[in-house]
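**Q** Have a look at this one before I ask anything.
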2 protein chains.
Amino acid sequence: MNRTISLEEAKKCPIQFVLAINDTLNVLSGKWKLPIIGSILFDKKRFTEIQRNIPKITPRMLSKELKELEINGMITRTVYNTIPVSVEYELSPSGKSITEVLDKMVDWGIKHRKAVISK
Amino acid sequence: MNRTISLEEAKKCPIQFVLAINDTLNVLSGKWKLPIIGSILFDKKRFTEIQRNIPKITPRMLSKELKELEINGMITRTVYNTIPVSVEYELSPSGKSITEVLDKMVDWGIKHRKAVISK
DNA sequence: TATAGTGGTATACTATAGTATAGTGCTATG
DNA sequence: CATAGCACTATACTATAGTATACCACTATA
């Protein structure tokens with residue numbers, strides 16, 4: 001294989017690939033997105049339940065991150081017109097499928113840690 | 001399957017899993033790590049070459065990020081005692097294997113974008 | 001001798017991310 | 001009628017990430 005050809009190929013493809021990677025990194029970035037996703041991974045939860053799951057998060061940050069995740073299509077927010085209102089947050093199907101990426105991250109992270117420690 | 005059991009399981013495992021995910025996120029976090037990794041993905045490069053690949057990066061940030069990536073075992077830094085010195089940066093084997101994760105991120109990112117646009 | 005290139009560092013700044021604390025409107029419960 | 005819970009918002013702050021600009025020692029080339 002000619003190395004210059006793979007380099008040329010590399011320069012042709014990656015625009016939309018880089019965008020896709022950045023999309024993925026964005027829904028996981030920051031201190032709280034992963035704990036929030038973890039909290040609602042197995043079942044939908046209400047604001048205060050998530051807050052109790054993540055003891056150190058402030059309501060400001062939880063509110064901010066939930067909004068961002070909703071805008072990015074990761075979660076759905078459902079308001080029930082009880083009195084007073086109750087609100088449920090749930091991962092979208094696409095949001096749930098982030099586990100595919102997280103699984104790979106677990107694999108790589110463990111493998112990498114071993115590789116780094118062993119030398 | 002009993003939902004309460006999977007929840008209990010979920011609460012037992014994840015400590016080292018979460019650490020592994022955080023390790024992975026850390027080597028990709030920030031504005032410049034991905035461009036730098038991309039720049040040396042196919043072959044090792046010198047400081048100024050990487051800088052030319054990433055036009056808007058300042059030498060301060062490039063230096064800082066390269067150091068961090070080296071500390072995290074992602075890249076190796078080789079100094080040749082030419083006069084003046086030349087320095088080469090190269091992805092470690094473990095660093096190269098981050099492509100497994102990036103590939104999954106591309107897949108998910110593209111799939112997610114389609115899912116979000118279509119609704 | 002001036003200019004440019006290599007591989008950076010130093011200092012000072014701005015912008016973004018995250019924290020702390022208080023308070024909102026609503027209602028059920030004691 | 002005070003307290004507590006729900007789902008937040010507002011304001012002000014600190015900390016971290018990133019930028020701008022200048023500079024360093026070294027050497028080859030014009």
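Starting from 1 in every chain, residues are counted up; chains themselves are A, B, ... following the order of the structure tokens, and ligands are numbered from 1 as listed.
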Please return, as an NGL selection string, all residues of range 37-97 of chain A that DSSP assigns to helix (DSSP H, G or I) on the basis of the backbone.

**A** :A and (37-39 or 47-53 or 59-71 or 93-96)

**Q** What are the closest atom pairs, with distances in Å to one decimal, for each residue of chain D lying within 8 Å of chain A, using only C-alpha atoms (C1' of nucleotides), rows by chain and rising residue number, as a Markdown table?

**A**
| residue | atom | partner | partner_atom | distance |
| --- | --- | --- | --- | --- |
| D:DC6 | C1' | A:Thr48 | CA | 7.4 |
| D:DA7 | C1' | A:Phe47 | CA | 6.7 |
| D:DC8 | C1' | A:Pro59 | CA | 7.4 |
| D:DT9 | C1' | A:Arg60 | CA | 7.9 |

**Q** With DSSP run on the backbone, what are the strand (DSSP E) residues within chain B? I'd like them as a PyMOL selection string.

**A** chain B and resi 45-46+75-80+86-91

**Q** Pull N, CA and C atoms from the residues just selected and write them as a compact mmCIF listing (two decimals), in the first residue's frame.

**A**
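Output saved as out16.txt:
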# COMPACT_ATOMS: atom_id res chain seq x y z
N LYS B 45 5.05 13.13 13.15
CA LYS B 45 5.29 14.47 12.64
C LYS B 45 6.10 15.29 13.63
N ARG B 46 6.66 16.37 13.13
CA ARG B 46 7.41 17.28 13.98
C ARG B 46 6.52 18.43 14.42
N ILE B 75 0.88 9.46 23.08
CA ILE B 75 1.90 9.71 22.08
C ILE B 75 3.30 9.54 22.67
N THR B 76 4.26 9.32 21.80
CA THR B 76 5.66 9.29 22.23
C THR B 76 6.38 10.47 21.58
N ARG B 77 7.30 11.03 22.33
CA ARG B 77 8.06 12.19 21.88
C ARG B 77 9.51 11.75 21.76
N THR B 78 10.07 11.87 20.57
CA THR B 78 11.44 11.43 20.35
C THR B 78 12.30 12.62 19.93
N VAL B 79 13.38 12.83 20.69
CA VAL B 79 14.29 13.94 20.41
C VAL B 79 15.51 13.39 19.70
N TYR B 80 15.85 13.92 18.53
CA TYR B 80 17.04 13.52 17.81
C TYR B 80 18.12 14.56 18.04
N SER B 86 15.86 18.02 16.49
CA SER B 86 14.55 17.83 15.89
C SER B 86 13.76 16.88 16.77
N VAL B 87 12.48 17.08 16.81
CA VAL B 87 11.61 16.33 17.73
C VAL B 87 10.46 15.73 16.93
N GLU B 88 10.20 14.45 17.16
CA GLU B 88 9.10 13.81 16.46
C GLU B 88 8.05 13.31 17.42
N TYR B 89 6.81 13.54 17.05
CA TYR B 89 5.67 13.07 17.84
C TYR B 89 4.96 11.97 17.07
N GLU B 90 4.64 10.90 17.81
CA GLU B 90 4.05 9.72 17.18
C GLU B 90 3.00 9.14 18.11
N LEU B 91 1.91 8.62 17.55
CA LEU B 91 0.92 7.94 18.38
C LEU B 91 1.50 6.62 18.90

**Q** Find the residues of chain A in contact range of chain C, meaning any atom within 8 Å when counting only C-alpha atoms (C1' of nucleotides), and list them as JSON, numbers by chain.

**A** {"A": [30, 61, 83, 84]}

**Q** Give me the least-squares superposed chain A (reference chain B; all C-alpha atoms paired in order) as a short mmCIF file (atom, residue, chain, number, x, y, z; two decimals) with C-alpha atoms, in the first residue's frame.

**A**
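Written file, result.cif:
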data_model
loop_
_atom_site.label_atom_id
_atom_site.label_comp_id
_atom_site.auth_asym_id
_atom_site.auth_seq_id
_atom_site.Cartn_x
_atom_site.Cartn_y
_atom_site.Cartn_z
CA MET A 1 -36.15 -10.01 33.34
CA ASN A 2 -36.62 -8.18 36.59
CA ARG A 3 -35.87 -4.50 36.29
CA THR A 4 -34.73 -4.12 39.88
CA ILE A 5 -32.09 -6.77 39.35
CA SER A 6 -30.54 -4.95 36.39
CA LEU A 7 -30.55 -1.79 38.46
CA GLU A 8 -28.76 -3.54 41.29
CA GLU A 9 -26.27 -4.94 38.79
CA ALA A 10 -25.82 -1.49 37.36
CA LYS A 11 -24.97 -0.14 40.77
CA LYS A 12 -22.38 -2.84 41.40
CA CYS A 13 -20.26 -2.71 38.26
CA PRO A 14 -19.77 0.78 37.08
CA ILE A 15 -17.01 2.26 39.23
CA GLN A 16 -14.14 1.02 37.03
CA PHE A 17 -16.32 1.34 33.94
CA VAL A 18 -16.98 4.99 34.64
CA LEU A 19 -13.26 5.50 35.25
CA ALA A 20 -12.47 3.87 31.91
CA ILE A 21 -14.99 6.07 30.10
CA ASN A 22 -13.54 9.15 31.75
CA ASP A 23 -10.02 8.11 30.75
CA THR A 24 -11.23 7.84 27.16
CA LEU A 25 -13.07 11.15 27.25
CA ASN A 26 -10.03 12.86 28.78
CA VAL A 27 -7.70 11.96 25.92
CA LEU A 28 -10.24 13.44 23.48
CA SER A 29 -11.41 16.46 25.46
CA GLY A 30 -10.89 20.08 24.53
CA LYS A 31 -10.63 21.91 21.28
CA TRP A 32 -7.34 20.57 19.96
CA LYS A 33 -6.76 16.92 20.93
CA LEU A 34 -8.75 15.48 18.05
CA PRO A 35 -7.04 17.62 15.38
CA ILE A 36 -3.66 16.73 16.88
CA ILE A 37 -4.42 13.00 16.93
CA GLY A 38 -5.71 13.31 13.36
CA SER A 39 -2.55 15.04 12.29
CA ILE A 40 -0.28 12.21 13.49
CA LEU A 41 -2.69 9.33 12.85
CA PHE A 42 -0.95 8.09 9.71
CA ASP A 43 2.60 9.11 10.40
CA LYS A 44 4.77 10.78 12.98
CA LYS A 45 5.31 14.49 12.63
CA ARG A 46 7.42 17.30 13.99
CA PHE A 47 6.14 20.20 16.06
CA THR A 48 6.10 22.67 13.21
CA GLU A 49 4.49 20.20 10.81
CA ILE A 50 1.60 19.63 13.21
CA GLN A 51 1.32 23.37 13.65
CA ARG A 52 1.05 23.81 9.88
CA ASN A 53 -1.63 21.07 9.77
CA ILE A 54 -3.72 22.95 12.33
CA PRO A 55 -3.48 26.55 11.18
CA LYS A 56 -5.21 28.25 14.12
CA ILE A 57 -3.46 26.52 17.00
CA THR A 58 -0.95 28.59 18.96
CA PRO A 59 2.42 27.05 19.89
CA ARG A 60 1.39 27.39 23.54
CA MET A 61 -1.67 25.20 23.08
CA LEU A 62 0.12 22.71 20.85
CA SER A 63 2.92 22.34 23.38
CA LYS A 64 0.44 22.01 26.26
CA GLU A 65 -1.74 19.42 24.54
CA LEU A 66 1.22 17.37 23.28
CA LYS A 67 2.54 17.20 26.85
CA GLU A 68 -0.85 16.08 28.16
CA LEU A 69 -1.17 13.44 25.45
CA GLU A 70 2.34 12.21 26.24
CA ILE A 71 1.60 12.00 29.97
CA ASN A 72 -1.56 10.04 29.18
CA GLY A 73 0.38 7.53 27.09
CA MET A 74 -1.25 8.54 23.83
CA ILE A 75 1.88 9.72 22.06
CA THR A 76 5.63 9.29 22.23
CA ARG A 77 8.03 12.17 21.91
CA THR A 78 11.40 11.41 20.40
CA VAL A 79 14.26 13.89 20.50
CA TYR A 80 17.03 13.45 17.94
CA ASN A 81 20.36 14.96 18.89
CA THR A 82 20.84 16.73 15.63
CA ILE A 83 21.99 20.32 15.86
CA PRO A 84 19.67 21.97 16.47
CA VAL A 85 17.50 19.21 17.96
CA SER A 86 14.59 17.80 16.01
CA VAL A 87 11.61 16.31 17.80
CA GLU A 88 9.10 13.79 16.49
CA TYR A 89 5.66 13.07 17.84
CA GLU A 90 4.03 9.72 17.17
CA LEU A 91 0.90 7.94 18.38
CA SER A 92 1.64 5.02 20.72
CA PRO A 93 0.11 1.65 19.73
CA SER A 94 -2.55 2.28 22.35
CA GLY A 95 -3.02 5.78 20.98
CA LYS A 96 -3.49 4.43 17.46
CA SER A 97 -6.16 2.06 18.71
CA ILE A 98 -8.33 5.02 19.72
CA THR A 99 -9.54 4.77 16.12
CA GLU A 100 -11.76 1.89 17.30
CA VAL A 101 -13.56 4.36 19.53
CA LEU A 102 -13.55 7.11 16.91
CA ASP A 103 -15.11 4.73 14.37
CA LYS A 104 -17.97 4.02 16.76
CA MET A 105 -18.34 7.75 17.34
CA VAL A 106 -18.62 8.36 13.61
CA ASP A 107 -21.27 5.65 13.31
CA TRP A 108 -23.30 6.92 16.24
CA GLY A 109 -22.90 10.57 15.26
CA ILE A 110 -24.18 10.00 11.74
CA LYS A 111 -27.01 7.74 12.90
CA HIS A 112 -28.00 10.17 15.63
CA ARG A 113 -27.96 13.15 13.31
CA LYS A 114 -30.29 11.34 10.91
CA ALA A 115 -32.61 10.31 13.76
CA VAL A 116 -32.78 13.85 15.14
CA ILE A 117 -33.36 15.53 11.78
CA SER A 118 -36.05 13.03 10.69
CA LYS A 119 -38.38 13.82 13.60
#
